[in-house]
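Asker: File follows, my_file.cif with mmCIF, C-alpha atoms:
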```cif
data_work
loop_
_atom_site.label_atom_id
_atom_site.label_comp_id
_atom_site.auth_asym_id
_atom_site.auth_seq_id
_atom_site.Cartn_x
_atom_site.Cartn_y
_atom_site.Cartn_z
CA MET A 1 -3.46 32.33 -9.72
CA ASN A 2 -0.23 31.91 -11.64
CA GLU A 3 1.13 29.58 -8.99
CA GLN A 4 -2.00 27.39 -9.23
CA LEU A 5 -1.52 27.14 -12.97
CA TRP A 6 2.08 26.05 -12.43
CA THR A 7 1.01 23.39 -9.93
CA LYS A 8 -1.58 22.06 -12.34
CA ALA A 9 0.92 21.99 -15.18
CA ILE A 10 3.40 20.04 -13.08
CA VAL A 11 0.76 17.55 -11.95
CA MET A 12 -0.49 17.01 -15.51
CA GLY A 13 3.01 16.63 -16.92
CA SER A 14 4.00 14.18 -14.20
CA SER A 15 0.82 12.20 -14.81
CA ALA A 16 1.62 11.91 -18.50
CA ILE A 17 5.15 10.69 -17.72
CA GLY A 18 3.71 8.29 -15.15
CA ALA A 19 1.27 6.91 -17.71
CA GLY A 20 4.15 6.30 -20.09
CA LEU A 21 6.16 4.60 -17.37
CA ALA A 22 3.20 2.43 -16.41
CA MET A 23 3.06 1.04 -19.92
CA ILE A 24 6.60 -0.38 -19.47
CA ALA A 25 4.65 -3.20 -17.79
CA GLY A 26 3.83 -4.32 -21.32
CA ILE A 27 7.33 -5.75 -21.73
CA GLY A 28 6.78 -8.61 -19.29
CA PRO A 29 3.65 -10.14 -20.85
CA GLY A 30 5.20 -9.69 -24.28
CA ILE A 31 8.23 -11.79 -23.41
CA GLY A 32 6.17 -14.30 -21.44
CA GLU A 33 3.55 -14.80 -24.13
CA GLY A 34 6.20 -15.10 -26.81
CA TYR A 35 7.88 -17.83 -24.79
CA ALA A 36 4.56 -19.63 -24.24
CA VAL A 37 3.64 -19.49 -27.93
CA GLY A 38 7.10 -20.72 -28.89
CA LYS A 39 6.74 -23.70 -26.57
CA ALA A 40 3.25 -24.37 -27.94
CA CYS A 41 4.66 -24.39 -31.49
CA GLU A 42 7.28 -26.90 -30.35
CA ALA A 43 4.60 -29.08 -28.77
CA ILE A 44 2.44 -28.98 -31.91
CA GLY A 45 5.49 -29.80 -34.02
CA ARG A 46 6.21 -32.80 -31.86
CA GLN A 47 2.62 -34.01 -31.57
CA PRO A 48 0.42 -32.53 -34.31
CA GLU A 49 -2.60 -34.57 -33.14
CA CYS A 50 -2.72 -32.53 -29.90
CA LYS A 51 -3.11 -29.24 -31.79
CA GLY A 52 -6.56 -28.31 -30.46
CA THR A 53 -5.80 -28.93 -26.80
CA VAL A 54 -2.42 -27.20 -26.99
CA GLN A 55 -3.93 -24.19 -28.73
CA SER A 56 -6.76 -23.64 -26.25
CA THR A 57 -4.47 -24.17 -23.25
CA MET A 58 -1.97 -21.73 -24.75
CA LEU A 59 -4.64 -19.05 -25.31
CA LEU A 60 -5.86 -19.44 -21.72
CA GLY A 61 -2.31 -19.25 -20.40
CA CYS A 62 -1.59 -16.18 -22.52
CA ALA A 63 -4.70 -14.49 -21.18
CA VAL A 64 -3.64 -15.13 -17.61
CA ALA A 65 -0.07 -14.01 -18.30
CA GLU A 66 -1.45 -10.82 -19.82
CA THR A 67 -2.95 -9.69 -16.49
CA THR A 68 0.05 -7.69 -15.27
CA GLY A 69 0.24 -5.82 -18.56
CA ILE A 70 -3.47 -5.06 -18.33
CA TYR A 71 -2.98 -3.66 -14.81
CA GLY A 72 -0.31 -1.34 -16.18
CA PHE A 73 -2.64 -0.26 -18.97
CA ILE A 74 -5.44 0.49 -16.50
CA VAL A 75 -3.09 2.63 -14.38
CA ALA A 76 -2.07 4.51 -17.53
CA LEU A 77 -5.72 4.94 -18.53
CA LEU A 78 -6.57 6.31 -15.07
CA LEU A 79 -3.67 8.78 -15.17
CA MET A 80 -4.61 9.99 -18.66
CA PHE A 81 -8.40 10.23 -18.56
CA ALA A 82 -9.56 10.01 -14.94
CA ASN A 83 -6.70 11.68 -13.08
CA PRO A 84 -7.22 11.42 -9.33
CA PHE A 85 -4.50 13.98 -8.49
CA ILE A 86 -5.92 17.02 -10.25
CA GLY A 87 -9.02 16.89 -8.09
CA LYS A 88 -6.87 17.16 -4.95
CA LEU A 89 -5.27 20.51 -5.89
CA MET B 1 -5.94 15.96 -34.14
CA ASN B 2 -8.85 15.41 -31.81
CA LEU B 3 -8.84 12.16 -29.88
CA ASP B 4 -12.06 11.49 -28.01
CA VAL B 5 -11.81 8.81 -25.34
CA HIS B 6 -14.74 8.85 -22.97
CA GLY B 7 -16.66 6.57 -20.64
CA ALA B 8 -20.33 5.73 -21.00
CA ARG B 9 -22.49 8.83 -21.45
CA VAL B 10 -25.38 9.33 -19.03
CA LEU B 11 -28.64 9.33 -20.98
CA PHE B 12 -31.11 10.15 -18.21
CA GLU B 13 -31.78 9.56 -14.53
CA ILE B 14 -34.78 7.95 -12.86
CA PRO B 15 -35.44 10.08 -9.74
CA VAL B 16 -36.30 7.45 -7.15
CA ASN B 17 -33.67 8.43 -4.56
CA ILE B 18 -32.67 5.12 -2.98
CA PRO B 19 -31.02 5.98 0.40
CA VAL B 20 -27.36 5.10 -0.24
CA LEU B 21 -27.22 4.65 -4.00
CA GLY B 22 -29.15 7.76 -5.03
CA ASN B 23 -30.96 7.97 -8.36
CA ILE B 24 -30.93 5.18 -10.91
CA VAL B 25 -28.65 6.39 -13.68
CA ILE B 26 -29.34 5.06 -17.17
CA THR B 27 -26.12 5.18 -19.19
CA GLU B 28 -25.23 4.06 -22.70
CA THR B 29 -23.96 0.83 -21.13
CA VAL B 30 -27.35 -0.05 -19.69
CA MET B 31 -29.20 0.77 -22.90
CA ASN B 32 -26.76 -1.11 -25.17
CA THR B 33 -26.76 -4.15 -22.88
CA TRP B 34 -30.55 -4.30 -23.09
CA ILE B 35 -30.36 -3.98 -26.89
CA VAL B 36 -27.85 -6.85 -27.04
CA MET B 37 -30.01 -8.92 -24.70
CA ALA B 38 -33.03 -8.33 -26.92
CA VAL B 39 -30.99 -9.37 -29.97
CA ILE B 40 -29.89 -12.58 -28.21
CA VAL B 41 -33.46 -13.43 -27.20
CA GLY B 42 -34.63 -12.77 -30.76
CA LEU B 43 -31.82 -14.93 -32.13
CA CYS B 44 -32.72 -17.77 -29.76
CA LEU B 45 -36.41 -17.56 -30.70
CA PHE B 46 -35.51 -17.52 -34.38
CA MET B 47 -33.13 -20.48 -34.17
CA THR B 48 -35.40 -22.69 -32.07
CA HIS B 49 -38.57 -21.81 -33.99
CA GLY B 50 -40.29 -24.85 -35.48
CA MET B 51 -37.84 -27.48 -34.27
CA GLN B 52 -38.10 -31.05 -35.54
CA VAL B 53 -36.73 -34.35 -34.24
CA HIS B 54 -34.44 -34.62 -37.25
CA ALA B 55 -32.81 -31.30 -38.06
CA ARG B 56 -33.84 -30.18 -41.54
CA THR B 57 -33.30 -26.43 -41.42
CA LYS B 58 -29.93 -24.71 -41.26
CA ARG B 59 -30.83 -22.70 -38.18
CA GLN B 60 -31.69 -25.82 -36.20
CA ILE B 61 -28.38 -27.41 -37.16
CA VAL B 62 -26.53 -24.29 -35.97
CA ALA B 63 -28.50 -24.25 -32.71
CA GLU B 64 -27.80 -27.93 -32.08
CA PHE B 65 -24.11 -27.39 -32.86
CA ILE B 66 -23.86 -24.54 -30.32
CA VAL B 67 -25.67 -26.53 -27.61
CA LYS B 68 -23.49 -29.60 -28.24
CA LYS B 69 -20.28 -27.55 -28.13
CA VAL B 70 -21.19 -25.81 -24.87
CA ASN B 71 -22.33 -29.05 -23.26
CA GLY B 72 -19.07 -30.69 -24.29
CA MET B 73 -17.02 -27.78 -22.93
CA VAL B 74 -18.84 -27.74 -19.58
CA GLY B 75 -18.66 -31.54 -19.24
CA GLU B 76 -14.96 -31.55 -20.05
CA ASN B 77 -13.85 -28.62 -17.87
CA MET B 78 -16.26 -28.79 -14.93
CA GLY B 79 -17.38 -32.41 -14.79
CA GLU B 80 -20.60 -34.28 -15.48
CA HIS B 81 -22.24 -33.13 -12.24
CA PHE B 82 -22.28 -29.47 -13.33
CA LEU B 83 -23.70 -30.42 -16.69
CA GLN B 84 -26.71 -32.04 -15.03
CA VAL B 85 -27.22 -29.21 -12.52
CA GLY B 86 -27.48 -26.84 -15.48
CA TYR B 87 -24.37 -24.72 -15.71
CA ALA B 88 -24.22 -25.05 -19.51
CA PRO B 89 -26.93 -22.41 -20.19
CA LEU B 90 -25.15 -20.00 -17.81
CA ILE B 91 -21.81 -20.43 -19.58
CA ALA B 92 -23.44 -20.15 -23.01
CA SER B 93 -25.29 -16.98 -22.05
CA ILE B 94 -22.19 -15.34 -20.57
CA MET B 95 -20.27 -16.19 -23.73
CA GLY B 96 -22.97 -14.96 -26.09
CA LEU B 97 -23.57 -11.77 -24.14
CA SER B 98 -19.86 -11.01 -23.85
CA ALA B 99 -19.11 -11.68 -27.51
CA LEU B 100 -22.09 -9.72 -28.84
CA CYS B 101 -21.49 -6.82 -26.43
CA SER B 102 -17.89 -6.52 -27.61
CA LEU B 103 -18.83 -6.95 -31.28
CA SER B 104 -21.49 -4.23 -30.99
CA SER B 105 -18.69 -1.64 -31.12
CA MET B 106 -18.30 -2.54 -34.80
CA ILE B 107 -21.59 -0.85 -35.72
CA GLY B 108 -20.63 2.28 -33.82
CA MET B 109 -22.39 1.53 -30.55
CA TYR B 110 -20.61 2.07 -27.23
CA ALA B 111 -19.52 -1.47 -26.32
CA PRO B 112 -20.94 -2.33 -22.87
CA THR B 113 -17.82 -4.41 -22.20
CA SER B 114 -15.59 -1.33 -22.38
CA ASP B 115 -17.33 -0.18 -19.19
CA LEU B 116 -15.77 -1.67 -16.07
CA SER B 117 -19.14 -1.78 -14.28
CA THR B 118 -20.49 -4.47 -16.63
CA LEU B 119 -17.52 -6.74 -16.13
CA LEU B 120 -17.44 -6.16 -12.36
CA GLY B 121 -21.10 -7.21 -12.28
CA TRP B 122 -20.38 -10.41 -14.19
CA SER B 123 -17.32 -11.29 -12.14
CA LEU B 124 -19.26 -10.60 -8.92
CA MET B 125 -21.76 -13.20 -10.10
CA VAL B 126 -18.91 -15.64 -10.72
CA PHE B 127 -17.52 -14.83 -7.25
CA VAL B 128 -20.88 -15.68 -5.67
CA LEU B 129 -20.96 -18.98 -7.56
CA ILE B 130 -17.39 -19.83 -6.51
CA THR B 131 -18.17 -19.11 -2.85
CA TYR B 132 -21.42 -21.11 -3.04
CA ASN B 133 -19.60 -24.10 -4.50
CA LYS B 134 -16.87 -23.91 -1.85
CA PHE B 135 -19.54 -23.87 0.85
CA ARG B 136 -21.31 -26.80 -0.75
CA ALA B 137 -18.11 -28.84 -1.12
CA GLY B 138 -16.62 -28.33 2.34
CA GLY B 139 -19.40 -26.91 4.50
CA PRO B 140 -19.06 -23.66 6.50
CA LEU B 141 -16.23 -25.05 8.64
CA GLY B 142 -14.30 -26.30 5.65
CA TYR B 143 -14.74 -22.94 3.96
CA ILE B 144 -13.31 -21.06 6.94
CA LYS B 145 -10.56 -23.65 7.31
CA SER B 146 -9.48 -23.17 3.68
CA TYR B 147 -8.33 -19.64 4.60
CA PHE B 148 -5.84 -21.02 7.12
CA GLU B 149 -4.15 -23.40 4.71
CA PRO B 150 -1.36 -24.41 4.37
CA ILE B 151 -0.31 -22.40 7.46
CA PRO B 152 -2.41 -19.86 9.47
CA VAL B 153 0.10 -17.04 8.80
CA LEU B 154 -1.08 -16.92 5.21
CA LEU B 155 -4.60 -15.74 6.17
CA PRO B 156 -4.27 -12.17 4.80
CA PHE B 157 -2.83 -13.43 1.53
CA ASN B 158 -5.61 -15.98 1.18
CA ILE B 159 -8.21 -13.24 1.68
CA ILE B 160 -6.47 -11.04 -0.90
CA SER B 161 -6.28 -13.84 -3.43
CA GLU B 162 -9.98 -14.58 -2.87
CA PHE B 163 -10.88 -11.05 -3.95
CA ALA B 164 -8.18 -10.88 -6.61
CA THR B 165 -9.86 -13.65 -8.63
CA PRO B 166 -13.02 -11.74 -9.71
CA LEU B 167 -11.16 -8.42 -9.89
CA SER B 168 -8.50 -9.77 -12.25
CA MET B 169 -11.18 -11.42 -14.41
CA ALA B 170 -13.04 -8.10 -14.72
CA PHE B 171 -9.89 -6.06 -15.33
CA ARG B 172 -8.60 -8.51 -17.94
CA HIS B 173 -11.76 -8.39 -20.06
CA PHE B 174 -12.17 -4.63 -19.59
CA GLY B 175 -8.52 -3.89 -20.36
CA ASN B 176 -8.52 -5.89 -23.58
CA ILE B 177 -11.70 -4.31 -24.98
CA ALA B 178 -10.87 -0.79 -23.76
CA SER B 179 -7.31 -0.94 -25.13
CA GLY B 180 -8.75 -2.01 -28.49
CA SER B 181 -11.07 1.01 -28.58
CA VAL B 182 -8.28 3.39 -27.48
CA ILE B 183 -5.95 2.09 -30.20
CA THR B 184 -8.71 2.24 -32.83
CA GLY B 185 -9.37 5.87 -31.84
CA LEU B 186 -5.64 6.65 -32.09
CA ILE B 187 -5.46 5.05 -35.56
CA TYR B 188 -8.45 7.08 -36.79
CA ALA B 189 -6.97 10.33 -35.43
CA ALA B 190 -3.55 9.60 -36.90
CA LEU B 191 -5.00 8.77 -40.34
CA ALA B 192 -7.05 12.00 -40.30
CA SER B 193 -4.01 14.16 -39.58
CA LEU B 194 -1.92 12.20 -42.09
CA SER B 195 -4.40 12.76 -44.91
CA SER B 196 -4.79 16.44 -44.01
CA ALA B 197 -0.98 16.86 -44.01
CA ILE B 198 -0.61 15.22 -47.43
CA PHE B 199 -3.56 16.81 -49.22
CA ARG B 200 -2.53 20.25 -47.99
CA LEU B 201 0.37 20.01 -50.47
CA ILE B 202 -2.05 20.09 -53.44
CA PRO B 203 -2.09 23.68 -54.68
CA GLY B 204 -5.21 25.76 -55.27
CA ALA B 205 -8.82 25.23 -54.28
CA VAL B 206 -8.59 21.43 -54.55
CA GLY B 207 -6.09 21.30 -51.71
CA GLU B 208 -8.24 23.65 -49.60
CA VAL B 209 -11.17 21.24 -49.86
CA MET B 210 -9.23 17.98 -49.77
CA GLN B 211 -7.32 18.74 -46.55
CA ASN B 212 -10.56 18.49 -44.60
CA VAL B 213 -11.47 15.11 -46.11
CA PRO B 214 -9.92 12.23 -44.09
CA LEU B 215 -9.56 9.98 -47.15
CA PHE B 216 -7.12 7.55 -45.52
CA GLN B 217 -9.75 6.59 -42.96
CA VAL B 218 -11.41 4.49 -45.66
CA GLY B 219 -10.42 0.83 -45.54
CA ILE B 220 -7.17 0.98 -43.56
CA PRO B 221 -8.74 0.79 -40.05
CA ALA B 222 -10.68 -2.32 -41.14
CA VAL B 223 -7.45 -4.33 -41.12
CA PHE B 224 -6.81 -3.43 -37.48
CA SER B 225 -10.49 -3.90 -36.69
CA ILE B 226 -10.22 -7.58 -37.63
CA TYR B 227 -7.80 -8.08 -34.75
CA PHE B 228 -9.01 -5.57 -32.18
CA ASP B 229 -12.74 -6.05 -32.68
CA ILE B 230 -13.47 -9.52 -34.05
CA PHE B 231 -10.57 -11.65 -32.80
CA SER B 232 -10.14 -9.95 -29.44
CA SER B 233 -13.88 -9.89 -28.68
CA CYS B 234 -14.40 -13.59 -29.36
CA LEU B 235 -11.17 -14.54 -27.57
CA GLN B 236 -12.06 -12.57 -24.44
CA ALA B 237 -15.56 -14.07 -24.35
CA PHE B 238 -14.02 -17.56 -24.61
CA ILE B 239 -11.42 -16.82 -21.94
CA PHE B 240 -13.96 -15.33 -19.52
CA CYS B 241 -16.06 -18.50 -19.85
CA MET B 242 -13.06 -20.82 -19.53
CA LEU B 243 -11.90 -19.06 -16.36
CA THR B 244 -15.44 -19.12 -14.95
CA MET B 245 -15.67 -22.86 -15.55
CA MET B 246 -12.22 -23.56 -14.13
CA TYR B 247 -12.69 -21.48 -10.97
CA ILE B 248 -16.12 -22.95 -10.25
CA GLY B 249 -14.94 -26.47 -11.08
CA SER B 250 -11.88 -26.23 -8.83
CA ALA B 251 -13.97 -24.66 -6.04
CA ALA B 252 -16.27 -27.67 -6.05
CA GLU B 253 -13.36 -30.06 -5.77
CA GLY B 254 -12.49 -28.42 -2.46
#
```
Could you take the file, read its structure, and then write that structure out as structure tokens?

Answerer:
Amino acid sequence: MNEQLWTKAIVMGSSAIGAGLAMIAGIGPGIGEGYAVGKACEAIGRQPECKGTVQSTMLLGCAVAETTGIYGFIVALLLMFANPFIGKL
Amino acid sequence: MNLDVHGARVLFEIPVNIPVLGNIVITETVMNTWIVMAVIVGLCLFMTHGMQVHARTKRQIVAEFIVKKVNGMVGENMGEHFLQVGYAPLIASIMGLSALCSLSSMIGMYAPTSDLSTLLGWSLMVFVLITYNKFRAGGPLGYIKSYFEPIPVLLPFNIISEFATPLSMAFRHFGNIASGSVITGLIYAALASLSSAIFRLIPGAVGEVMQNVPLFQVGIPAVFSIYFDIFSSCLQAFIFCMLTMMYIGSAAEG
């Protein structure tokens, strides 16, 4: 009984650490989107009449660049709230 | 601090026992989606009620504005052919449903878009449309041939990328809305424990009562709600539609 409790504690603790590590994926989209928005600002500064097109293209590009971060978030969400490992004990 | 993050609650089951799928389960998602659909139908009936050739009422002007915008978007991103076939109502209904589903979390409902099943259903529909348009553009042989391009070795990767398109669309929308609700829940819980920690310092009976009142929860979450609920919901609806249009449009080009 005690051993089972230990196993569960280790699995839960490791899952929490794993969830935290999965959210490191947020760094990439952050840098990428910042770069994209910076370039969009440059483009609007150079050609203010293109503002609408540049803005909507930038938002679409940001959304696509965000995907990897979202995958990390979903892995973290799974580990926190729908842990697949505890059921296998 | 009690943080409550949960999926859609099961309301009741219809015991029909379909062989593989089992009973039909009615969750909060299903109920809230039907409520949102009813609201959209009511809104459409209200806005198109008593239309005239020259718009005199405000609601007709708004309706004409929406139709013009969507027609322009579809014509610009997908081409004139798709506008005539009638893709504009599809895009407009996806956008309206997505935006209103996400915004429904503001009145305390469980947002149907924070359930992955809803988004997987929508993106499956988009996947069917993409495949149909590829078939129509290149024929069955052209469709099969597109998997072996540019070189036949890439076949497994082409198959993966075919399925990755709808999956990433669903995950993107779901992740954005779900992360918003998780962060909003965290903010509420943090403000509750903050106010209880501060008001506990008041001596006497006042402190006893006040430490159970989460006073900081008034007003402060609204600032974050502007981003996570209003901005994010509308942006994700727009992006889902833009990606739908682009994928279908590029599939038709072959």

Asker: Identify which of the residues B:Tyr188, B:Phe224, B:Phe174, B:Phe231 lies closest to chain A, counting only C-alpha atoms when measuring atom-to-atom distances.

Answerer: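 Comparing B:Tyr188, B:Phe224, B:Phe174, B:Phe231 against chain A, the winner is B:Phe174.
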
Asker: Which is closest to A:Tyr71 among B:Ala205, B:Met169, B:Val5, B:Val41, if we use only C-alpha atoms?

Answerer: B:Met169

Asker: For chain B, list the residues within 10 Å of chain A, counting only C-alpha atoms, and write the list as an MDAnalysis selection string.

Answerer: chainID B and resid 5:7 168:169 171:176 178:179 182 235:236 238:240 242:243

Asker: Can you translate the PyMOL selection byres ((chain A and resi 29-35) around 6) into the concrete residues it hits in this file, as a list of chain:residue names?

Answerer: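 In the shown coordinates, the PyMOL selection byres ((chain A and resi 29-35) around 6) covers A:Gly26, A:Ile27, A:Gly28, A:Ala36, A:Val37, A:Gly38, A:Cys62, A:Ala65, A:Glu66, A:Gly69.
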
Asker: Take the PyMOL selection byres ((chain B and resi 113-116) around 12), apply it to the structure above, and return the hits as a PyMOL selection string.

Answerer: (chain A and resi 74) or (chain B and resi 5-9+27-30+32-33+36+94+97-105+109-112+117-124+167-182+229+232-233+236-237+240)

Asker: Please measure the separation of atom CA of B:Ile26 and atom CA of B:Ile14, giving the value in Å to one decimal.

Answerer: 7.5 Å

Asker: Anything within 12 Å of (-19.1, -18.0, -7.2): list those residues as a list in words, counting all atoms listed in the file and sticking to the file's coordinates.

Answerer: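 Residues satisfying the cut-off, written out: Trp122, Ser123, Leu124, Met125, Val126, Phe127, Val128, Leu129, Ile130, Thr131, Tyr132, Asn133, Lys134, Phe135, Arg136, Glu162, Phe163, Thr165, Pro166, Leu243, Thr244, Met245, Met246, Tyr247, Ile248, Gly249, Ser250, Ala251 and Ala252 of chain B.
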
Asker: Applying 9 Å and all atoms listed in the file, which residues near stretch 3-19 of chain A remain after dropping the ones on its own chain fewer than 2 positions away? List them as a PDB file with C-alpha atoms, in the coordinates of the input.

Answerer:
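The result, written out as result28.pdb:
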```pdb
ATOM      1  CA  MET A   1      -3.460  32.330  -9.720  1.00  0.00           C
ATOM      2  CA  LEU A  21       6.160   4.600 -17.370  1.00  0.00           C
ATOM      3  CA  ALA A  22       3.200   2.430 -16.410  1.00  0.00           C
ATOM      4  CA  MET A  23       3.060   1.040 -19.920  1.00  0.00           C
ATOM      5  CA  GLY A  72      -0.310  -1.340 -16.180  1.00  0.00           C
ATOM      6  CA  PHE A  73      -2.640  -0.260 -18.970  1.00  0.00           C
ATOM      7  CA  VAL A  75      -3.090   2.630 -14.380  1.00  0.00           C
ATOM      8  CA  ALA A  76      -2.070   4.510 -17.530  1.00  0.00           C
ATOM      9  CA  LEU A  77      -5.720   4.940 -18.530  1.00  0.00           C
ATOM     10  CA  LEU A  78      -6.570   6.310 -15.070  1.00  0.00           C
ATOM     11  CA  LEU A  79      -3.670   8.780 -15.170  1.00  0.00           C
ATOM     12  CA  MET A  80      -4.610   9.990 -18.660  1.00  0.00           C
ATOM     13  CA  ASN A  83      -6.700  11.680 -13.080  1.00  0.00           C
ATOM     14  CA  PHE A  85      -4.500  13.980  -8.490  1.00  0.00           C
ATOM     15  CA  ILE A  86      -5.920  17.020 -10.250  1.00  0.00           C
ATOM     16  CA  LEU A  89      -5.270  20.510  -5.890  1.00  0.00           C
TER      17      LEU A  89
END
```

Asker: Which one is closest to B:Met73: B:Ile35, B:Ile91, B:Val209, B:Leu186? Count only C-alpha atoms.

Answerer: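 Of B:Ile35, B:Ile91, B:Val209, B:Leu186, the one nearest B:Met73, counting only C-alpha atoms, is B:Ile91.
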
Asker: Between atom CA of B:Leu90 and atom CA of B:Tyr143, what distance in Å does the model show, to one decimal?

Answerer: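 If I compute the distance from atom CA of B:Leu90 to atom CA of B:Tyr143, I get 24.3 Å.
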
Asker: Using the chain letters and numbers from this file, what does the PyMOL selection byres ((chain B and resi 198) around 12) select? Give the answer as a PDB file with C-alpha atoms, keeping the file's coordinate frame.

Answerer:
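This went into selection-v1.pdb:
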```pdb
ATOM      1  CA  LEU B 191      -5.000   8.770 -40.340  1.00  0.00           C
ATOM      2  CA  ALA B 192      -7.050  12.000 -40.300  1.00  0.00           C
ATOM      3  CA  SER B 193      -4.010  14.160 -39.580  1.00  0.00           C
ATOM      4  CA  LEU B 194      -1.920  12.200 -42.090  1.00  0.00           C
ATOM      5  CA  SER B 195      -4.400  12.760 -44.910  1.00  0.00           C
ATOM      6  CA  SER B 196      -4.790  16.440 -44.010  1.00  0.00           C
ATOM      7  CA  ALA B 197      -0.980  16.860 -44.010  1.00  0.00           C
ATOM      8  CA  PHE B 199      -3.560  16.810 -49.220  1.00  0.00           C
ATOM      9  CA  ARG B 200      -2.530  20.250 -47.990  1.00  0.00           C
ATOM     10  CA  LEU B 201       0.370  20.010 -50.470  1.00  0.00           C
ATOM     11  CA  ILE B 202      -2.050  20.090 -53.440  1.00  0.00           C
ATOM     12  CA  PRO B 203      -2.090  23.680 -54.680  1.00  0.00           C
ATOM     13  CA  GLY B 207      -6.090  21.300 -51.710  1.00  0.00           C
ATOM     14  CA  GLU B 208      -8.240  23.650 -49.600  1.00  0.00           C
ATOM     15  CA  MET B 210      -9.230  17.980 -49.770  1.00  0.00           C
ATOM     16  CA  GLN B 211      -7.320  18.740 -46.550  1.00  0.00           C
ATOM     17  CA  ASN B 212     -10.560  18.490 -44.600  1.00  0.00           C
ATOM     18  CA  VAL B 213     -11.470  15.110 -46.110  1.00  0.00           C
ATOM     19  CA  PRO B 214      -9.920  12.230 -44.090  1.00  0.00           C
ATOM     20  CA  LEU B 215      -9.560   9.980 -47.150  1.00  0.00           C
ATOM     21  CA  PHE B 216      -7.120   7.550 -45.520  1.00  0.00           C
TER      22      PHE B 216
END
```
